[in-house]
Every structure is written in structure tokens, then in C-alpha cells.
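**Q** Below you will find the structure I want to go over with you.
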Amino acid sequence: MKTIVMDTANKYLAVGLYENDICLGKFQDFGNRRQSEQALEKLQELLKSNHMEVLDFDEFVITIGPGSYTGVRVALTIAKTICATTRIRIKTVSTLKAMVDDASGIAIIDARSNKAYLAVYKSGETVVSDCLVNVSEIGDYQNRYPELDIFGDLGLIGQEDKPVDLVENIYKYSKGEKYVENSDNLVPYYIKEVFN
Amino acid sequence: MSLILAIESSCDEMAMAVLKDKRNFLSSVVASQIDVHAKYGGVVPEIASRKHVESVTVVLKETLEKAGVAMTDIDAIAVTKGPGLVGSLHVGLQAAKALALTFDLPLIGVHHIVGHIYSNNIDEDIIYPCICLVVSGGHSELVLMESEFEFKIIGTTLDDAVGEAYDKVGRVLDLPYPGGPVIDRMAAAGNITYELPKPLDDGSLNFSFSGLKSAVINLNHKHVQKNMPINKDDLAASFQAVVINSLVSKTMDALEQYGVKHLMLAGGVSANRGLREAMEQACTKNSITLRLPPLSLTGDNAMMIALAAKLMYDNNEFSDLSLGISPNIDIENESRSMKWKK
Ligand SMILES: [Zn+2]
């Protein structure tokens, strides 16, 4: 089983290759909003250094959102296009979950205008599903789950970001996900409507 | 022999086409979102991007199926790199780059306006030197071409694009979106009865439509205030006559100034019947050969991108996977940056 992992939804660009649970190579860096230009370039570099091509792979694992609208569409469009023209199948993982180590913790992502995307996971279970909250409400969740660490855009609560291995997390969590049945219908999980 | 798959997603249509050799189209698909944006009276960029993600692979599969080809038959991928809406451009670009990587194909990044211009290559080769009047919702430009892929802007709008002025007037007159085709139809039924200012009569080759647009809005407003009925057909006819007069006279000036005998129209507004007729008459009078794109190629489509891409393909003008979107690239730079032009 060979897997391509890609996340372009937030401030990072993360790309990785796996073969039977062994990571062949990975890349993670601040995307600086250049995820679009770099996502396929980085994938190409990883493929080249492993003497592989896209057609060698069986599955494509991406983050489905929530996050930057344009960002989340990048990996999703790449995966959909490849899936539509090859035998490769898609799995998706929540962008919030990808931030959390060992599937335990509170995940927050900047949603701009003093809002945050938030989810809470406890020993692998989703306790609070992906939602949109005011930044001022994040503290309430911390009080409610004092035993859980907080991950993601910690700048929102005045802390420094922790290192995160997105490729590893996304690959790990994809194990519990089913393949997307009709990838033509796959769309990002935006949470926010265009007009509220 | 070449097969090019072209993708265009710069605004609110997701379009793809397969071109065999120079001008043999095996398929062309356009997924329009016009009904969605009509509700808002104009294109909402975030909605356009979301719709593109929904339709991208459906359009791709339909385009290949209609052409009766598989991705493994394709020789190159062409894609609009700009100008256009950032989010919309991204979707087409990612799809194009993903296909180029997966099937190890050359990637061709096409300037949207170059595509519009080369829609005139559909039946036979463009003759140089020529001038192209590009008129659409985002453009009103006179482009001089001394030879293939040499673009010089000799006139441009100082404010609104002509299509933009049509849409705004359409909104004021409570016409369905997009206003352009409706005003064109109403103008044919109406008479020129309202006096409107002649835009930018300064001897330059530049256009200006915002003053005219404001004059129409004020005229309509005055009538509404005084509870006087306004004849919308007549107002449409009066507005359109001024617009067309400005486009035709500046274009004829350009042809004369540059001693050029070949003229082409391109872009969404080149579908305007009043404009086509007026330009035909002026060209006959001045012994100018006029080339009009087929109506099906005036709006955004992928065939025009493929036609331009074919010329780039023949000259090995390819991009690598670092190709990014360029929402504001200027067309003059486009010819200068081509490797085969150096
Ligand atoms: Zn256009």
C-alpha cells in the first residue's frame, strides 16, 4: 500500500509519501500562502528522490478543512483530479485533528475576524466536532477540559505554536477513515457559509 | 500530431477542451454558473471558487469522454494562469498541474486575453500586422500585433471596462444579470432619443465609460424622482449607440494611425450584435478586413486557451510545476517573456 499525504489548508504546506506504514519522505514548512505554487513541486521532488511516480500510488490522504478557503481547495483539487483519472482513492482527515498529537486535545485554527475553528478530541474520540467559535470562548473549552492540551494556532490565546508533525498525524488518523465513495462530489468542509 | 487538453477557470465558468493538431476540436465543455451569480447581480468570487471545486472533475471526465480520448493519449496540458479571480484561477491551475505531474506532460500557462485574441485563429491563421479590440466584463483594450504573440496595448480604458458599464446600467434598469445581452436586444427595439455625453473625445486611443454610465444612472434617477416614465428600450438604444460609436471610432483611428488593414474583435462584448454590425459597416467603408470570433467563442471557454496553447506548444513554450497564478499579468510582458521570442 502506497500513500501520498498532503495538507495545504492552513499556514503549513505538508507533503509526505508512505509505503506500508513506512515514511519514504516528507516535507513540512510554512506555506506563506504559496501552497498553491509549491504543493505539486514538493510532491514532484519527493517522488523524484524516491524514484517513484504518482501512478505507483494507491491512496491520496488530504485534509478536508476547515481552514483557509483557497488553501483547503488546493490539495483537494489535486487529489480529486488525480483520483478522477487514475485508480487512486482518497481519504480525508479534519484539519483540526491533524494538529493534535495522540488524538487527545483541543485544536484551534484561526478563522479570522476574532473567530476560531475548534474541535476537542479525547483518547481518539471526538468530544466536540469541528465548529466555529469566538476567540474569547476558547478559554471556556480549556476550563471544561483541563486535562487536555491545546494545539494549533496558539497565537490566538497568546501562546507560542508547538511543533507539529502534520504528515505523520494525517497518515495516522487516515487509518480510521473510509475511502471517499464519489470523489467528484468531494468538497472542502468550510463550516462558514459565503454569506452569513 | 498533437492532443492538447485545455482548462479555463478564470471567472465563473469551468471550461475544458481537447484540441487535436491546429484547430480540430474533439470536445469542448463549459460549466456555467450564471444562474447562481444572477441572484447577486454579479459574480461572487468565493461562490465561483466553491462551484469550481464541485465541477472540476465532472467537467474533466465529460471533456475526455466526448473527445473519445484517455489521459494517456494527451500530449500537453494548457491552463489559464491569469488574469482573473484568484480563487477561481487556483482550481483550474491545480487540476492542470496535477495532470501534468501524474501523466508526465508539458504544462502550458496561457494568458486569458491572449486566449480571447487567439479565438480568432479558429478557422484560419490570423494575418499580421493586425489590431484586436478586446472587449469584455474586465477589458476594453486595443492590442496591436505586428506578428504572432507580439502584443502592444495601444489603447485601454481609463476606468470601467465596457462590459462592466453594461452590467451596471443593466442593474439600474432592473434588467436580469448579465445586462449586456439584454441591453443589446432592447437597443435593437428602441430608438436613440436620450442625449448622453460622448465619452473621452480627446483624440487618444483610450476609452472611458464611467461618465457615460453615471449619466445613464442620473437620467434614470431624475425620471424616477419626477415620476416620469422612462422608455427603457430607448435608453438602452441611446446608451449602446454612444458605447459603440466610441469603440468603432477609436478602433478606426487606431487602424489608420498604425496603417493596419486587419481587425479582429475578441471577448464577451464582441458577441454584441450592435457592435458587430457597426464594426462591419465601418470596416467595409474603410477597406479593412474584419475577423469576428464565432459567437460560441466570445464568452470564456477553453477552446480559445487551446488555440493559443497550440502555438506555444509548437514553440516548446512550457512551464514547470512552479507555475503560479498571475491575477494581473500584463499582456505586453507576455510576449517579451516568451523564450522563443528572444
Ligand atoms: Zn474572458
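Here, A, B, ... name the chains of the C-alpha cells in the order displayed, residue numbers run from 1 inside each chain, and ligands are numbered from 1 in the same displayed order.
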Residues near Asn20 of chain A, anyone? I mean within 10 Å using only C-alpha atoms, not counting same-chain ones fewer than 4 positions away, as a list of chain:residue names.
**A**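 Those residues are A:Met1, A:Lys2, A:Thr3, A:Leu24.
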**Q** Tell me, which residues of segment 14-218 of chain B carry DSSP alpha helix (DSSP H), written as a ChimeraX atom specification?
**A** /B:34-38,45-67,86-102,112-118,162-172,179-189,210-218
**Q** Taking only C-alpha atoms into account, which residues of chain A are within 7 Å of chain B, as an MDAnalysis selection string?
**A** chainID A and resid 37:38 40:41 54:55 70 74 77:78 80:82 84 184:185 187 194
**Q** If you keep N, CA and C atoms, can you produce a file of those selected residues as a short mmCIF file (atom, residue, chain, number, x, y, z; two decimals), in the first residue's frame?
**A**
```
data_model
loop_
_atom_site.label_atom_id
_atom_site.label_comp_id
_atom_site.auth_asym_id
_atom_site.auth_seq_id
_atom_site.Cartn_x
_atom_site.Cartn_y
_atom_site.Cartn_z
N GLU A 37 1.57 27.27 -5.39
CA GLU A 37 2.70 27.13 -6.29
C GLU A 37 3.55 25.91 -5.92
N GLN A 38 3.65 25.67 -4.59
CA GLN A 38 4.65 24.70 -4.15
C GLN A 38 4.16 23.28 -3.93
N LEU A 40 2.58 20.90 -5.61
CA LEU A 40 2.92 19.86 -6.59
C LEU A 40 4.42 19.80 -6.86
N GLU A 41 5.09 20.96 -6.72
CA GLU A 41 6.55 20.97 -6.86
C GLU A 41 7.19 20.09 -5.79
N VAL A 54 3.47 9.25 -9.51
CA VAL A 54 2.14 9.30 -8.92
C VAL A 54 1.39 7.99 -9.17
N LEU A 55 1.53 7.45 -10.39
CA LEU A 55 0.77 6.26 -10.76
C LEU A 55 1.15 5.02 -9.95
N THR A 70 -9.01 29.15 0.09
CA THR A 70 -8.19 28.86 -1.08
C THR A 70 -7.23 27.72 -0.78
N VAL A 74 -6.68 23.67 -2.54
CA VAL A 74 -5.50 23.27 -3.32
C VAL A 74 -5.31 21.76 -3.29
N THR A 77 -8.35 19.82 -4.76
CA THR A 77 -8.45 19.80 -6.22
C THR A 77 -7.42 18.85 -6.82
N ILE A 78 -6.20 18.87 -6.26
CA ILE A 78 -5.15 17.97 -6.74
C ILE A 78 -5.59 16.51 -6.58
N LYS A 80 -8.65 15.25 -6.11
CA LYS A 80 -9.82 14.93 -6.93
C LYS A 80 -9.42 14.67 -8.38
N THR A 81 -8.55 15.53 -8.90
CA THR A 81 -8.14 15.42 -10.30
C THR A 81 -7.39 14.12 -10.54
N ILE A 82 -6.49 13.79 -9.63
CA ILE A 82 -5.70 12.56 -9.79
C ILE A 82 -6.61 11.35 -9.65
N ALA A 84 -9.74 11.16 -10.30
CA ALA A 84 -10.68 11.06 -11.44
C ALA A 84 -10.04 10.40 -12.66
N ASP A 184 -15.92 12.84 -7.11
CA ASP A 184 -16.39 14.02 -7.86
C ASP A 184 -17.20 14.95 -6.97
N ASN A 185 -17.89 14.36 -5.98
CA ASN A 185 -18.74 15.17 -5.10
C ASN A 185 -17.99 15.74 -3.89
N VAL A 187 -16.11 17.99 -1.51
CA VAL A 187 -15.88 19.43 -1.37
C VAL A 187 -15.27 19.69 0.00
N VAL A 194 -20.76 31.35 2.59
CA VAL A 194 -20.20 32.54 1.94
C VAL A 194 -20.85 33.80 2.53
#
```
**Q** Determine the nearest neighbour of ligand 1 from the options B:Asp160, B:Glu332, B:Asp234, B:Asp300, counting only C-alpha atoms and all ligand atoms.
**A**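 Under the stated criterion, the closest residue is B:Asp300.
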**Q** Please, which residues have at least one atom within 9 Å of an atom of ligand 1, using only C-alpha atoms and all ligand atoms, listed as a PyMOL selection string?
**A** chain B and resi 10-11+83-84+112-113+115-116+135-139+266-268+298-301
**Q** Quick one: residues within 12 Å of Leu3 of chain B, only C-alpha atoms counted, chain neighbours fewer than 5 positions away excluded, as a PyMOL selection string?
**A** chain B and resi 17-27+64+67-78+105-106+306-307+309-310+313-314
**Q** How would the residues just chosen look if you wrote them out with N, CA and C atoms as a compact mmCIF listing (two decimals), in the first residue's frame?
**A**
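Result file follows (part_1.txt):
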```txt
# COMPACT_ATOMS: atom_id res chain seq x y z
N ALA B 17 -11.37 21.69 -22.92
CA ALA B 17 -11.50 21.30 -24.32
C ALA B 17 -10.31 20.45 -24.72
N VAL B 18 -10.53 19.57 -25.70
CA VAL B 18 -9.43 18.79 -26.27
C VAL B 18 -9.24 19.22 -27.71
N LEU B 19 -8.02 19.68 -28.01
CA LEU B 19 -7.69 20.14 -29.36
C LEU B 19 -6.72 19.17 -30.02
N LYS B 20 -7.11 18.71 -31.22
CA LYS B 20 -6.21 17.85 -31.99
C LYS B 20 -5.53 18.72 -33.04
N ASP B 21 -4.22 18.66 -33.10
CA ASP B 21 -3.45 19.46 -34.06
C ASP B 21 -3.81 20.95 -33.96
N LYS B 22 -3.91 21.61 -35.10
CA LYS B 22 -4.05 23.07 -35.04
C LYS B 22 -5.45 23.56 -34.68
N ARG B 23 -6.48 22.99 -35.28
CA ARG B 23 -7.81 23.53 -35.00
C ARG B 23 -8.94 22.51 -35.06
N ASN B 24 -8.61 21.27 -34.82
CA ASN B 24 -9.63 20.23 -34.83
C ASN B 24 -10.06 19.92 -33.39
N PHE B 25 -11.18 20.47 -32.98
CA PHE B 25 -11.62 20.27 -31.59
C PHE B 25 -12.40 18.97 -31.43
N LEU B 26 -11.91 18.11 -30.56
CA LEU B 26 -12.60 16.85 -30.31
C LEU B 26 -13.70 17.03 -29.27
N SER B 27 -13.54 18.03 -28.40
CA SER B 27 -14.60 18.31 -27.42
C SER B 27 -14.38 19.68 -26.80
N LEU B 64 -13.07 14.51 -21.66
CA LEU B 64 -12.31 13.37 -22.20
C LEU B 64 -13.25 12.38 -22.88
N ALA B 67 -14.48 13.61 -26.20
CA ALA B 67 -13.39 13.58 -27.19
C ALA B 67 -13.03 12.15 -27.57
N GLY B 68 -13.46 11.21 -26.74
CA GLY B 68 -13.12 9.82 -27.00
C GLY B 68 -11.64 9.53 -26.80
N VAL B 69 -11.04 10.25 -25.84
CA VAL B 69 -9.62 10.02 -25.57
C VAL B 69 -9.41 9.76 -24.07
N ALA B 70 -8.28 9.14 -23.75
CA ALA B 70 -7.89 8.93 -22.35
C ALA B 70 -6.76 9.88 -22.03
N MET B 71 -6.51 10.09 -20.74
CA MET B 71 -5.42 10.98 -20.35
C MET B 71 -4.09 10.53 -20.95
N THR B 72 -3.92 9.23 -21.12
CA THR B 72 -2.66 8.71 -21.67
C THR B 72 -2.47 9.09 -23.14
N ASP B 73 -3.54 9.54 -23.81
CA ASP B 73 -3.42 9.98 -25.21
C ASP B 73 -2.97 11.43 -25.32
N ILE B 74 -3.15 12.20 -24.23
CA ILE B 74 -2.91 13.65 -24.26
C ILE B 74 -1.41 13.96 -24.31
N ASP B 75 -1.04 15.00 -25.09
CA ASP B 75 0.37 15.37 -25.24
C ASP B 75 0.78 16.57 -24.40
N ALA B 76 -0.18 17.42 -24.02
CA ALA B 76 0.16 18.61 -23.22
C ALA B 76 -1.08 19.13 -22.50
N ILE B 77 -0.85 19.81 -21.37
CA ILE B 77 -1.94 20.41 -20.61
C ILE B 77 -1.77 21.93 -20.69
N ALA B 78 -2.84 22.60 -21.11
CA ALA B 78 -2.82 24.07 -21.15
C ALA B 78 -3.78 24.59 -20.09
N LEU B 105 3.37 15.30 -18.44
CA LEU B 105 3.08 16.07 -19.65
C LEU B 105 3.60 17.50 -19.53
N PRO B 106 3.97 18.09 -20.66
CA PRO B 106 4.34 19.51 -20.62
C PRO B 106 3.15 20.37 -20.23
N ALA B 306 -6.85 26.65 -25.73
CA ALA B 306 -6.17 25.60 -26.50
C ALA B 306 -5.56 26.17 -27.79
N LEU B 307 -6.28 27.07 -28.45
CA LEU B 307 -5.78 27.65 -29.71
C LEU B 307 -4.49 28.43 -29.48
N ALA B 309 -2.53 27.96 -26.86
CA ALA B 309 -1.56 26.99 -26.32
C ALA B 309 -0.89 26.21 -27.45
N LYS B 310 -1.63 25.95 -28.51
CA LYS B 310 -1.06 25.17 -29.62
C LYS B 310 0.17 25.88 -30.21
N TYR B 313 2.88 25.43 -27.75
CA TYR B 313 3.33 24.02 -27.81
C TYR B 313 4.32 23.83 -28.96
N ASP B 314 3.98 24.36 -30.12
CA ASP B 314 4.85 24.21 -31.28
C ASP B 314 6.20 24.89 -31.08
```
**Q** Please list as a VMD selection string every residue within 10 Å of Arg112 of chain A, counting only C-alpha atoms and excluding residues in the same chain fewer than 3 positions away.
**A** chain A and resid 67 to 68 109 115 to 117 134 to 135 156
**Q** Just C-alpha atoms for this one: save the residues we selected as a PDB file, in the first residue's frame.
**A**
```
ATOM      1  CA  GLY A  67      -9.140  26.377   7.152  1.00  0.00           C
ATOM      2  CA  SER A  68      -8.155  28.914   4.550  1.00  0.00           C
ATOM      3  CA  ILE A 109      -7.281  27.250  13.955  1.00  0.00           C
ATOM      4  CA  LYS A 115     -13.121  33.656  15.351  1.00  0.00           C
ATOM      5  CA  ALA A 116     -11.565  30.233  15.562  1.00  0.00           C
ATOM      6  CA  TYR A 117     -12.301  26.768  14.273  1.00  0.00           C
ATOM      7  CA  ASN A 134     -15.374  33.313  19.116  1.00  0.00           C
ATOM      8  CA  VAL A 135     -11.742  33.525  20.179  1.00  0.00           C
ATOM      9  CA  LEU A 156      -4.871  33.160  19.253  1.00  0.00           C
TER      10      LEU A 156
END
```
**Q** Pick out the residues sitting within 8 Å of Leu205 of chain B, and hand them over as a PyMOL selection string; count only C-alpha atoms, and ignore anything fewer than 5 positions along from it in its own chain.
**A** chain B and resi 142+154-156+250-251+253-254
**Q** What parts of segment 93-227 of chain B does DSSP call strand (DSSP E)? I'd like the answer as a list in words.
**A**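 Going through segment 93-227 of chain B, the strand (DSSP E) residues come out as Leu107, Ile108, Gly109, Val110, His111, Cys130, Ile131, Cys132, Leu133, Val134, Val135, Ser140, Glu141, Leu142, Val143, Leu144, Met145, Lys152, Ile153, Ile154, Gly155 and Thr156 of chain B.
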**Q** Report the distance between atom CA of Ile138 of chain A and atom CA of Glu168 of chain A in Å, rounded to one decimal place.
**A**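 These two atoms are separated by 26.1 Å.
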**Q** So how far away is atom CA of Glu141 of chain B from atom CA of Pro129 of chain B, in Å?
**A**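 Calculated distance between atom CA of Pro129 of chain B and atom CA of Glu141 of chain B is 16.5 Å.
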**Q** So which one's closest to Thr95 of chain A, A:Ile157, A:Ala9, A:Val127, A:Ile22? Using only C-alpha atoms, please.
**A**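 Of A:Ile157, A:Ala9, A:Val127, A:Ile22, the one nearest Thr95 of chain A, counting only C-alpha atoms, is A:Ala9.
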**Q** I'd like the neighbourhood of Ser119 of chain B as a list in words, where a residue qualifies if any of its atoms comes within 7 Å (using only C-alpha atoms), though same-chain residues fewer than 5 positions away should be ignored.
**A**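 That gives Pro293, Leu297, Met304 and Leu307 of chain B.
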**Q** So that I can check the surroundings of Gly31 of chain A, please list as a ChimeraX atom specification every protein, DNA and RNA residue that reaches within 7 Å of it, counting only C-alpha atoms and ignoring chain neighbours fewer than 3 positions away.
**A** /A:11-13,34-35
**Q** Give the answer as one residue: which of A:Asp56, A:Thr63, A:Leu47, A:Val100 has the shortest atom-to-atom distance to Arg87 of chain A, using only C-alpha atoms?
**A** A:Asp56
**Q** What gap, in Å, lies between atom CA of Asn316 of chain B and atom CA of Trp340 of chain B?
**A** 7.9 Å
